[in-house]
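File shown: data.tsv (TSV, N, CA and C atoms).
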chain	number	residue	atom	x	y	z
A	7	MET	N	77.47	117.80	123.93
A	7	MET	CA	78.70	117.03	123.91
A	7	MET	C	78.70	116.13	122.68
A	8	THR	N	79.82	116.02	122.04
A	8	THR	CA	79.97	115.22	120.83
A	8	THR	C	80.15	113.75	121.17
A	9	THR	N	79.44	112.89	120.44
A	9	THR	CA	79.61	111.46	120.65
A	9	THR	C	80.88	111.00	119.95
A	10	THR	N	81.34	109.84	120.31
A	10	THR	CA	82.56	109.29	119.71
A	10	THR	C	82.40	109.14	118.21
A	11	GLN	N	81.25	108.66	117.76
A	11	GLN	CA	81.03	108.45	116.33
A	11	GLN	C	81.03	109.78	115.58
A	12	GLU	N	80.44	110.82	116.16
A	12	GLU	CA	80.46	112.15	115.52
A	12	GLU	C	81.89	112.67	115.41
A	13	TRP	N	82.68	112.42	116.43
A	13	TRP	CA	84.08	112.85	116.43
A	13	TRP	C	84.86	112.12	115.34
A	14	ILE	N	84.64	110.82	115.21
A	14	ILE	CA	85.30	110.03	114.17
A	14	ILE	C	84.88	110.52	112.79
A	15	ASP	N	83.60	110.78	112.60
A	15	ASP	CA	83.11	111.27	111.31
A	15	ASP	C	83.74	112.62	110.96
A	16	GLU	N	83.92	113.47	111.96
A	16	GLU	CA	84.57	114.77	111.72
A	16	GLU	C	86.01	114.57	111.28
A	17	LEU	N	86.72	113.65	111.93
A	17	LEU	CA	88.12	113.39	111.57
A	17	LEU	C	88.23	112.85	110.15
A	18	ARG	N	87.27	112.05	109.72
A	18	ARG	CA	87.29	111.52	108.35
A	18	ARG	C	87.12	112.62	107.32
A	19	SER	N	86.51	113.71	107.69
A	19	SER	CA	86.19	114.76	106.72
A	19	SER	C	87.29	115.81	106.58
A	20	ILE	N	88.33	115.77	107.42
A	20	ILE	CA	89.36	116.79	107.35
A	20	ILE	C	90.56	116.30	106.54
A	21	SER	N	91.42	117.23	106.16
A	21	SER	CA	92.60	116.88	105.37
A	21	SER	C	93.65	116.21	106.26
A	22	VAL	N	94.60	115.52	105.63
A	22	VAL	CA	95.67	114.87	106.36
A	22	VAL	C	96.52	115.90	107.10
A	23	LEU	N	96.74	117.04	106.47
A	23	LEU	CA	97.53	118.10	107.10
A	23	LEU	C	96.83	118.60	108.37
A	24	GLU	N	95.54	118.84	108.28
A	24	GLU	CA	94.79	119.31	109.44
A	24	GLU	C	94.78	118.25	110.54
A	25	LEU	N	94.65	116.98	110.16
A	25	LEU	CA	94.69	115.90	111.14
A	25	LEU	C	96.05	115.85	111.83
A	26	SER	N	97.11	116.01	111.06
A	26	SER	CA	98.46	116.03	111.61
A	26	SER	C	98.61	117.17	112.62
A	27	GLU	N	98.08	118.34	112.29
A	27	GLU	CA	98.16	119.49	113.19
A	27	GLU	C	97.39	119.22	114.49
A	28	ARG	N	96.23	118.57	114.37
A	28	ARG	CA	95.44	118.26	115.57
A	28	ARG	C	96.16	117.24	116.45
A	29	ILE	N	96.80	116.26	115.83
A	29	ILE	CA	97.54	115.26	116.60
A	29	ILE	C	98.67	115.94	117.36
A	30	LYS	N	99.40	116.83	116.67
A	30	LYS	CA	100.49	117.55	117.33
A	30	LYS	C	99.96	118.38	118.50
A	31	ALA	N	98.83	119.02	118.32
A	31	ALA	CA	98.24	119.84	119.38
A	31	ALA	C	97.86	118.97	120.58
A	32	LEU	N	97.29	117.78	120.32
A	32	LEU	CA	96.93	116.87	121.41
A	32	LEU	C	98.19	116.38	122.13
A	33	GLU	N	99.23	116.06	121.36
A	33	GLU	CA	100.49	115.61	121.97
A	33	GLU	C	101.05	116.68	122.90
A	34	GLU	N	101.03	117.92	122.45
A	34	GLU	CA	101.55	119.02	123.27
A	34	GLU	C	100.67	119.28	124.49
A	35	ALA	N	99.35	119.25	124.30
A	35	ALA	CA	98.43	119.56	125.39
A	35	ALA	C	98.50	118.52	126.51
A	36	PHE	N	98.70	117.24	126.14
A	36	PHE	CA	98.69	116.19	127.15
A	36	PHE	C	100.08	115.64	127.46
A	37	GLY	N	101.10	116.16	126.78
A	37	GLY	CA	102.47	115.71	127.04
A	37	GLY	C	102.71	114.26	126.68
A	38	VAL	N	102.10	113.81	125.58
A	38	VAL	CA	102.26	112.43	125.14
A	38	VAL	C	102.76	112.42	123.70
A	39	SER	N	103.10	111.22	123.22
A	39	SER	CA	103.51	111.05	121.84
A	39	SER	C	102.70	109.92	121.23
A	40	ALA	N	102.13	110.14	120.06
A	40	ALA	CA	101.33	109.11	119.40
A	40	ALA	C	102.19	107.91	119.05
A	41	THR	N	103.44	108.11	118.70
A	41	THR	CA	104.32	106.99	118.37
A	41	THR	C	104.67	106.19	119.61
A	42	ALA	N	104.79	106.85	120.74
A	42	ALA	CA	105.09	106.13	121.98
A	42	ALA	C	103.93	105.23	122.37
A	43	VAL	N	102.71	105.66	122.11
A	43	VAL	CA	101.54	104.85	122.42
A	43	VAL	C	101.53	103.61	121.55
A	44	ALA	N	101.82	103.76	120.26
A	44	ALA	CA	101.84	102.62	119.35
A	44	ALA	C	102.95	101.64	119.73
A	45	ALA	N	104.09	102.16	120.16
A	45	ALA	CA	105.21	101.31	120.53
A	45	ALA	C	104.95	100.59	121.85
A	46	ALA	N	104.09	101.14	122.69
A	46	ALA	CA	103.82	100.55	123.99
A	46	ALA	C	102.66	99.56	123.95
A	47	ALA	N	102.19	99.23	122.77
A	47	ALA	CA	101.09	98.27	122.64
A	47	ALA	C	101.50	96.93	123.23
A	48	PRO	N	100.56	96.20	123.84
A	48	PRO	CA	100.92	94.93	124.46
A	48	PRO	C	101.41	93.92	123.43
A	49	VAL	N	102.36	93.13	123.85
A	49	VAL	CA	102.92	92.09	122.98
A	49	VAL	C	102.28	90.77	123.37
A	50	VAL	N	101.81	90.02	122.38
A	50	VAL	CA	101.18	88.74	122.63
A	50	VAL	C	102.27	87.68	122.70
A	51	ALA	N	102.24	86.89	123.76
A	51	ALA	CA	103.24	85.85	123.93
A	51	ALA	C	103.01	84.73	122.93
A	52	ALA	N	104.09	84.13	122.48
A	52	ALA	CA	104.00	83.03	121.53
A	52	ALA	C	103.47	81.79	122.23
A	53	PRO	N	102.65	81.01	121.54
A	53	PRO	CA	102.13	79.79	122.15
A	53	PRO	C	103.26	78.80	122.43
A	54	THR	N	103.16	78.06	123.52
A	54	THR	CA	104.22	77.13	123.90
A	54	THR	C	103.83	75.68	123.75
A	55	ASP	N	102.63	75.38	123.30
A	55	ASP	CA	102.17	74.00	123.23
A	55	ASP	C	102.29	73.40	121.83
A	56	GLY	N	103.24	73.85	121.04
A	56	GLY	CA	103.41	73.30	119.70
A	56	GLY	C	102.57	74.01	118.66
A	57	ALA	N	101.73	74.92	119.07
A	57	ALA	CA	100.89	75.66	118.13
A	57	ALA	C	101.67	76.75	117.43
A	58	ALA	N	102.92	76.94	117.83
A	58	ALA	CA	103.76	77.97	117.22
A	58	ALA	C	103.96	77.70	115.74
A	59	GLU	N	103.98	76.43	115.35
A	59	GLU	CA	104.15	76.08	113.94
A	59	GLU	C	102.99	76.59	113.11
A	60	ALA	N	101.83	76.69	113.70
A	60	ALA	CA	100.64	77.13	112.98
A	60	ALA	C	100.51	78.65	112.97
A	61	ALA	N	101.42	79.32	113.65
A	61	ALA	CA	101.35	80.78	113.71
A	61	ALA	C	101.49	81.36	112.31
A	62	GLU	N	100.72	82.39	112.05
A	62	GLU	CA	100.74	83.02	110.74
A	62	GLU	C	101.98	83.87	110.55
A	63	GLU	N	102.39	83.99	109.29
A	63	GLU	CA	103.50	84.86	108.95
A	63	GLU	C	103.07	86.30	109.15
A	64	GLN	N	104.00	87.15	109.53
A	64	GLN	CA	103.69	88.57	109.76
A	64	GLN	C	103.14	89.16	108.46
A	65	SER	N	102.01	89.88	108.56
A	65	SER	CA	101.38	90.43	107.36
A	65	SER	C	101.39	91.95	107.34
A	66	ALA	N	101.67	92.59	108.46
A	66	ALA	CA	101.71	94.05	108.50
A	66	ALA	C	103.11	94.49	108.95
A	67	PHE	N	103.66	95.45	108.21
A	67	PHE	CA	105.02	95.90	108.48
A	67	PHE	C	105.05	97.40	108.69
A	68	ASP	N	106.03	97.84	109.46
A	68	ASP	CA	106.28	99.26	109.67
A	68	ASP	C	107.60	99.60	108.97
A	69	VAL	N	107.60	100.70	108.22
A	69	VAL	CA	108.81	101.18	107.57
A	69	VAL	C	109.36	102.30	108.44
A	70	ILE	N	110.55	102.07	109.02
A	70	ILE	CA	111.16	103.01	109.94
A	70	ILE	C	112.37	103.65	109.27
A	71	LEU	N	112.36	104.97	109.14
A	71	LEU	CA	113.50	105.69	108.61
A	71	LEU	C	114.51	105.86	109.75
A	72	GLN	N	115.69	105.24	109.61
A	72	GLN	CA	116.72	105.31	110.64
A	72	GLN	C	117.54	106.59	110.52
A	73	ALA	N	117.89	106.97	109.28
A	73	ALA	CA	118.69	108.18	109.04
A	73	ALA	C	118.47	108.62	107.59
A	74	SER	N	118.62	109.92	107.34
A	74	SER	CA	118.39	110.45	105.99
A	74	SER	C	119.61	110.34	105.10
A	75	GLY	N	120.79	110.19	105.68
A	75	GLY	CA	122.00	110.09	104.88
A	75	GLY	C	122.40	111.43	104.30
A	76	ASP	N	123.23	111.40	103.26
A	76	ASP	CA	123.75	112.62	102.65
A	76	ASP	C	122.74	113.32	101.75
A	77	LYS	N	121.76	112.58	101.24
A	77	LYS	CA	120.81	113.13	100.27
A	77	LYS	C	119.45	113.37	100.94
A	78	LYS	N	119.45	114.25	101.91
A	78	LYS	CA	118.26	114.51	102.71
A	78	LYS	C	117.07	114.99	101.86
A	79	ILE	N	117.32	115.85	100.90
A	79	ILE	CA	116.24	116.40	100.07
A	79	ILE	C	115.54	115.29	99.29
A	80	GLN	N	116.31	114.35	98.72
A	80	GLN	CA	115.72	113.25	97.98
A	80	GLN	C	114.89	112.35	98.90
A	81	VAL	N	115.37	112.14	100.12
A	81	VAL	CA	114.63	111.33	101.09
A	81	VAL	C	113.32	112.03	101.45
A	82	ILE	N	113.35	113.34	101.65
A	82	ILE	CA	112.14	114.10	101.95
A	82	ILE	C	111.13	113.96	100.82
A	83	LYS	N	111.60	114.00	99.57
A	83	LYS	CA	110.71	113.84	98.41
A	83	LYS	C	110.03	112.48	98.42
A	84	VAL	N	110.78	111.42	98.73
A	84	VAL	CA	110.20	110.08	98.78
A	84	VAL	C	109.18	109.98	99.91
A	85	VAL	N	109.51	110.56	101.07
A	85	VAL	CA	108.59	110.55	102.22
A	85	VAL	C	107.30	111.28	101.86
A	86	ARG	N	107.42	112.43	101.22
A	86	ARG	CA	106.22	113.19	100.82
A	86	ARG	C	105.36	112.36	99.87
A	87	GLY	N	105.99	111.72	98.89
A	87	GLY	CA	105.24	110.92	97.92
A	87	GLY	C	104.54	109.73	98.55
A	88	ALA	N	105.19	109.11	99.52
A	88	ALA	CA	104.64	107.91	100.15
A	88	ALA	C	103.55	108.22	101.17
A	89	THR	N	103.66	109.37	101.84
A	89	THR	CA	102.74	109.66	102.94
A	89	THR	C	101.70	110.72	102.63
A	90	GLY	N	101.96	111.56	101.63
A	90	GLY	CA	101.03	112.65	101.35
A	90	GLY	C	101.22	113.83	102.29
A	91	LEU	N	102.29	113.82	103.08
A	91	LEU	CA	102.56	114.93	103.99
A	91	LEU	C	103.02	116.15	103.21
A	92	GLY	N	102.87	117.30	103.81
A	92	GLY	CA	103.38	118.53	103.24
A	92	GLY	C	104.89	118.60	103.43
A	93	LEU	N	105.51	119.58	102.80
A	93	LEU	CA	106.96	119.71	102.87
A	93	LEU	C	107.45	119.86	104.31
A	94	LYS	N	106.80	120.70	105.08
A	94	LYS	CA	107.22	120.95	106.47
A	94	LYS	C	107.13	119.68	107.31
A	95	GLU	N	106.02	118.94	107.17
A	95	GLU	CA	105.82	117.73	107.96
A	95	GLU	C	106.78	116.64	107.54
A	96	ALA	N	107.01	116.49	106.23
A	96	ALA	CA	107.94	115.47	105.74
A	96	ALA	C	109.36	115.79	106.20
A	97	LYS	N	109.75	117.06	106.16
A	97	LYS	CA	111.09	117.46	106.61
A	97	LYS	C	111.23	117.17	108.10
A	98	ALA	N	110.20	117.46	108.88
A	98	ALA	CA	110.24	117.20	110.32
A	98	ALA	C	110.40	115.71	110.59
A	99	LEU	N	109.68	114.87	109.84
A	99	LEU	CA	109.77	113.43	110.01
A	99	LEU	C	111.20	112.96	109.72
A	100	VAL	N	111.79	113.45	108.63
A	100	VAL	CA	113.15	113.06	108.26
A	100	VAL	C	114.15	113.57	109.29
A	101	ASP	N	113.97	114.79	109.77
A	101	ASP	CA	114.88	115.37	110.76
A	101	ASP	C	114.83	114.62	112.09
A	102	GLU	N	113.68	114.04	112.42
A	102	GLU	CA	113.51	113.38	113.71
A	102	GLU	C	113.80	111.89	113.66
A	103	ALA	N	114.43	111.41	112.59
A	103	ALA	CA	114.74	109.98	112.45
A	103	ALA	C	115.58	109.51	113.64
A	104	PRO	N	115.38	108.30	114.12
A	104	PRO	CA	114.53	107.25	113.56
A	104	PRO	C	113.06	107.51	113.87
A	105	LYS	N	112.25	107.33	112.84
A	105	LYS	CA	110.84	107.65	112.91
A	105	LYS	C	110.10	106.77	111.90
A	106	PRO	N	108.90	106.27	112.23
A	106	PRO	CA	108.13	105.48	111.27
A	106	PRO	C	107.62	106.36	110.13
A	107	VAL	N	107.79	105.88	108.90
A	107	VAL	CA	107.28	106.58	107.74
A	107	VAL	C	105.87	106.10	107.46
A	108	LYS	N	105.67	104.78	107.45
A	108	LYS	CA	104.35	104.18	107.27
A	108	LYS	C	104.28	102.97	108.19
A	109	GLU	N	103.09	102.74	108.74
A	109	GLU	CA	102.91	101.64	109.66
A	109	GLU	C	101.76	100.75	109.21
A	110	GLY	N	101.89	99.45	109.49
A	110	GLY	CA	100.83	98.49	109.22
A	110	GLY	C	100.55	98.27	107.74
A	111	ILE	N	101.58	98.28	106.91
A	111	ILE	CA	101.37	98.08	105.48
A	111	ILE	C	101.81	96.68	105.07
A	112	GLU	N	101.38	96.24	103.90
A	112	GLU	CA	101.71	94.91	103.41
A	112	GLU	C	103.17	94.81	103.02
A	113	ARG	N	103.67	93.58	102.96
A	113	ARG	CA	105.08	93.32	102.71
A	113	ARG	C	105.55	93.95	101.39
A	114	GLU	N	104.76	93.77	100.32
A	114	GLU	CA	105.16	94.29	99.01
A	114	GLU	C	105.33	95.81	99.04
A	115	GLU	N	104.36	96.50	99.61
A	115	GLU	CA	104.43	97.96	99.70
A	115	GLU	C	105.59	98.40	100.60
A	116	ALA	N	105.81	97.67	101.69
A	116	ALA	CA	106.91	97.99	102.60
A	116	ALA	C	108.27	97.82	101.91
A	117	ASP	N	108.42	96.73	101.17
A	117	ASP	CA	109.68	96.50	100.44
A	117	ASP	C	109.91	97.56	99.38
A	118	LYS	N	108.83	97.95	98.69
A	118	LYS	CA	108.95	98.97	97.65
A	118	LYS	C	109.38	100.31	98.26
A	119	LEU	N	108.72	100.70	99.35
A	119	LEU	CA	109.06	101.96	100.01
A	119	LEU	C	110.47	101.93	100.57
A	120	LYS	N	110.86	100.80	101.14
A	120	LYS	CA	112.22	100.66	101.67
A	120	LYS	C	113.24	100.85	100.54
A	121	GLY	N	112.98	100.22	99.39
A	121	GLY	CA	113.88	100.36	98.24
A	121	GLY	C	113.98	101.80	97.76
A	122	GLU	N	112.85	102.50	97.70
A	122	GLU	CA	112.83	103.89	97.25
A	122	GLU	C	113.61	104.79	98.21
A	123	LEU	N	113.41	104.57	99.51
A	123	LEU	CA	114.11	105.39	100.51
A	123	LEU	C	115.62	105.11	100.49
A	124	GLU	N	116.00	103.84	100.34
A	124	GLU	CA	117.42	103.51	100.29
A	124	GLU	C	118.05	104.04	99.02
A	125	GLU	N	117.32	103.99	97.91
A	125	GLU	CA	117.82	104.53	96.65
A	125	GLU	C	118.04	106.05	96.76
A	126	ALA	N	117.19	106.70	97.54
A	126	ALA	CA	117.31	108.15	97.74
A	126	ALA	C	118.44	108.50	98.71
A	127	GLY	N	118.99	107.48	99.40
A	127	GLY	CA	120.11	107.72	100.31
A	127	GLY	C	119.79	107.52	101.78
A	128	GLY	N	118.58	107.10	102.10
A	128	GLY	CA	118.20	106.92	103.49
A	128	GLY	C	118.53	105.53	104.01
A	129	SER	N	118.59	105.41	105.32
A	129	SER	CA	118.80	104.13	106.00
A	129	SER	C	117.45	103.72	106.57
A	130	VAL	N	116.98	102.50	106.21
A	130	VAL	CA	115.62	102.09	106.53
A	130	VAL	C	115.60	100.72	107.20
A	131	GLU	N	114.64	100.52	108.08
A	131	GLU	CA	114.44	99.23	108.75
A	131	GLU	C	112.97	98.85	108.64
A	132	LEU	N	112.70	97.56	108.40
A	132	LEU	CA	111.32	97.04	108.40
A	132	LEU	C	111.09	96.31	109.71
A	133	LYS	N	109.95	96.57	110.32
A	133	LYS	CA	109.59	95.85	111.55
A	133	LYS	C	108.25	95.20	111.36

Is it possible to express this structure as structure tokens?
Amino acid sequence: MTTTQEWIDELRSISVLELSERIKALEEAFGVSATAVAAAAPVVAAPTDGAAEAAEEQSAFDVILQASGDKKIQVIKVVRGATGLGLKEAKALVDEAPKPVKEGIEREEADKLKGELEEAGGSVELK
């Protein structure tokens, strides 16, 4: 039986395309969605004793493609460049909008990607 660390090491050694295919296979086999799991993460309640002022500014952002617009091919090209996905996977992501393009990235990178996607004709939201 493979240990968790061996499994993680194996995942690090495969290509992004192969990892994407394995994730899709797991989603189909167990009837789940990886994005649904991320969206269902617990939300931490805001402090109510005045410590809210000391709360840190959000540092990780998700770039969500809402719609591809009229220039779908240009949006697919931007998605491919930003994510490293293959043509088929990038097209699927764009076709299934609204869908996250990148998650947990810094503000500067998120703003840049949002600008590129909007310039290509897509409708984008930062969360």

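Between atom CA of A:Ile79 and atom CA of A:Val100 lies a distance of 9.4 Å.
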
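Separating atom N of A:Ala31 from atom N of A:Ile111 is a distance of 23.8 Å.
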
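Atom CA of A:Lys77 to atom CA of A:Ala98 spans 15.1 Å [interatomic distance, one decimal].
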
query = Quick one: residues within 6 Å of stretch 66-76 of chain A, all atoms listed in the file counted, chain neighbours fewer than 5 positions away excluded, as a ChimeraX atom specification?
reply = /A:103-113,127-133

task = Counting all atoms listed in the file, select every polymer residue within 8 Å of (106.3, 111.6, 103.4) as defined in the file's coordinates, and provide the selection as a ChimeraX atom specification.
result = /A:81-92,95-97,99-100,107-108

For the residues selected in the previous step, produce a file with N, CA and C atoms as a PDB file, in the frame of the given file.
ATOM      1  N   VAL A  81     115.370 112.140 100.120  1.00  0.00           N
ATOM      2  CA  VAL A  81     114.630 111.330 101.090  1.00  0.00           C
ATOM      3  C   VAL A  81     113.320 112.030 101.450  1.00  0.00           C
ATOM      4  N   ILE A  82     113.350 113.340 101.650  1.00  0.00           N
ATOM      5  CA  ILE A  82     112.140 114.100 101.950  1.00  0.00           C
ATOM      6  C   ILE A  82     111.130 113.960 100.820  1.00  0.00           C
ATOM      7  N   LYS A  83     111.600 114.000  99.570  1.00  0.00           N
ATOM      8  CA  LYS A  83     110.710 113.840  98.410  1.00  0.00           C
ATOM      9  C   LYS A  83     110.030 112.480  98.420  1.00  0.00           C
ATOM     10  N   VAL A  84     110.780 111.420  98.730  1.00  0.00           N
ATOM     11  CA  VAL A  84     110.200 110.080  98.780  1.00  0.00           C
ATOM     12  C   VAL A  84     109.180 109.980  99.910  1.00  0.00           C
ATOM     13  N   VAL A  85     109.510 110.560 101.070  1.00  0.00           N
ATOM     14  CA  VAL A  85     108.590 110.550 102.220  1.00  0.00           C
ATOM     15  C   VAL A  85     107.300 111.280 101.860  1.00  0.00           C
ATOM     16  N   ARG A  86     107.420 112.430 101.220  1.00  0.00           N
ATOM     17  CA  ARG A  86     106.220 113.190 100.820  1.00  0.00           C
ATOM     18  C   ARG A  86     105.360 112.360  99.870  1.00  0.00           C
ATOM     19  N   GLY A  87     105.990 111.720  98.890  1.00  0.00           N
ATOM     20  CA  GLY A  87     105.240 110.920  97.920  1.00  0.00           C
ATOM     21  C   GLY A  87     104.540 109.730  98.550  1.00  0.00           C
ATOM     22  N   ALA A  88     105.190 109.110  99.520  1.00  0.00           N
ATOM     23  CA  ALA A  88     104.640 107.910 100.150  1.00  0.00           C
ATOM     24  C   ALA A  88     103.550 108.220 101.170  1.00  0.00           C
ATOM     25  N   THR A  89     103.660 109.370 101.840  1.00  0.00           N
ATOM     26  CA  THR A  89     102.740 109.660 102.940  1.00  0.00           C
ATOM     27  C   THR A  89     101.700 110.720 102.630  1.00  0.00           C
ATOM     28  N   GLY A  90     101.960 111.560 101.630  1.00  0.00           N
ATOM     29  CA  GLY A  90     101.030 112.650 101.350  1.00  0.00           C
ATOM     30  C   GLY A  90     101.220 113.830 102.290  1.00  0.00           C
ATOM     31  N   LEU A  91     102.290 113.820 103.080  1.00  0.00           N
ATOM     32  CA  LEU A  91     102.560 114.930 103.990  1.00  0.00           C
ATOM     33  C   LEU A  91     103.020 116.150 103.210  1.00  0.00           C
ATOM     34  N   GLY A  92     102.870 117.300 103.810  1.00  0.00           N
ATOM     35  CA  GLY A  92     103.380 118.530 103.240  1.00  0.00           C
ATOM     36  C   GLY A  92     104.890 118.600 103.430  1.00  0.00           C
ATOM     37  N   GLU A  95     106.020 118.940 107.170  1.00  0.00           N
ATOM     38  CA  GLU A  95     105.820 117.730 107.960  1.00  0.00           C
ATOM     39  C   GLU A  95     106.780 116.640 107.540  1.00  0.00           C
ATOM     40  N   ALA A  96     107.010 116.490 106.230  1.00  0.00           N
ATOM     41  CA  ALA A  96     107.940 115.470 105.740  1.00  0.00           C
ATOM     42  C   ALA A  96     109.360 115.790 106.200  1.00  0.00           C
ATOM     43  N   LYS A  97     109.750 117.060 106.160  1.00  0.00           N
ATOM     44  CA  LYS A  97     111.090 117.460 106.610  1.00  0.00           C
ATOM     45  C   LYS A  97     111.230 117.170 108.100  1.00  0.00           C
ATOM     46  N   LEU A  99     109.680 114.870 109.840  1.00  0.00           N
ATOM     47  CA  LEU A  99     109.770 113.430 110.010  1.00  0.00           C
ATOM     48  C   LEU A  99     111.200 112.960 109.720  1.00  0.00           C
ATOM     49  N   VAL A 100     111.790 113.450 108.630  1.00  0.00           N
ATOM     50  CA  VAL A 100     113.150 113.060 108.260  1.00  0.00           C
ATOM     51  C   VAL A 100     114.150 113.570 109.290  1.00  0.00           C
ATOM     52  N   VAL A 107     107.790 105.880 108.900  1.00  0.00           N
ATOM     53  CA  VAL A 107     107.280 106.580 107.740  1.00  0.00           C
ATOM     54  C   VAL A 107     105.870 106.100 107.460  1.00  0.00           C
ATOM     55  N   LYS A 108     105.670 104.780 107.450  1.00  0.00           N
ATOM     56  CA  LYS A 108     104.350 104.180 107.270  1.00  0.00           C
ATOM     57  C   LYS A 108     104.280 102.970 108.190  1.00  0.00           C
TER      58      LYS A 108
END

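Residues of chain A that DSSP, applied to the backbone, places in strand (DSSP E): Phe67, Asp68, Val69, Ile70, Leu71, Gln72, Ala73, Lys105, Pro106, Val107, Lys108, Glu109, Gly110, Ile111, Ser129, Val130, Glu131 and Leu132 of chain A.
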
Adding 8 Å on each side of the box along x, y and z that holds all listed atoms of stretch 68-76 of chain A, could you give its centre and edge lengths in Å to one decimal, as AutoDock Vina command-line options?
--center_x 114.9 --center_y 105.6 --center_z 106.2 --size_x 33.7 --size_y 31.5 --size_z 24.9

request  = Return as a PyMOL selection string the full set of residues in chain A whose backbone-based DSSP assignment is alpha helix (DSSP H).
outcome  = chain A and resi 10-19+22-36+40-45+78-89+93-101+113-125
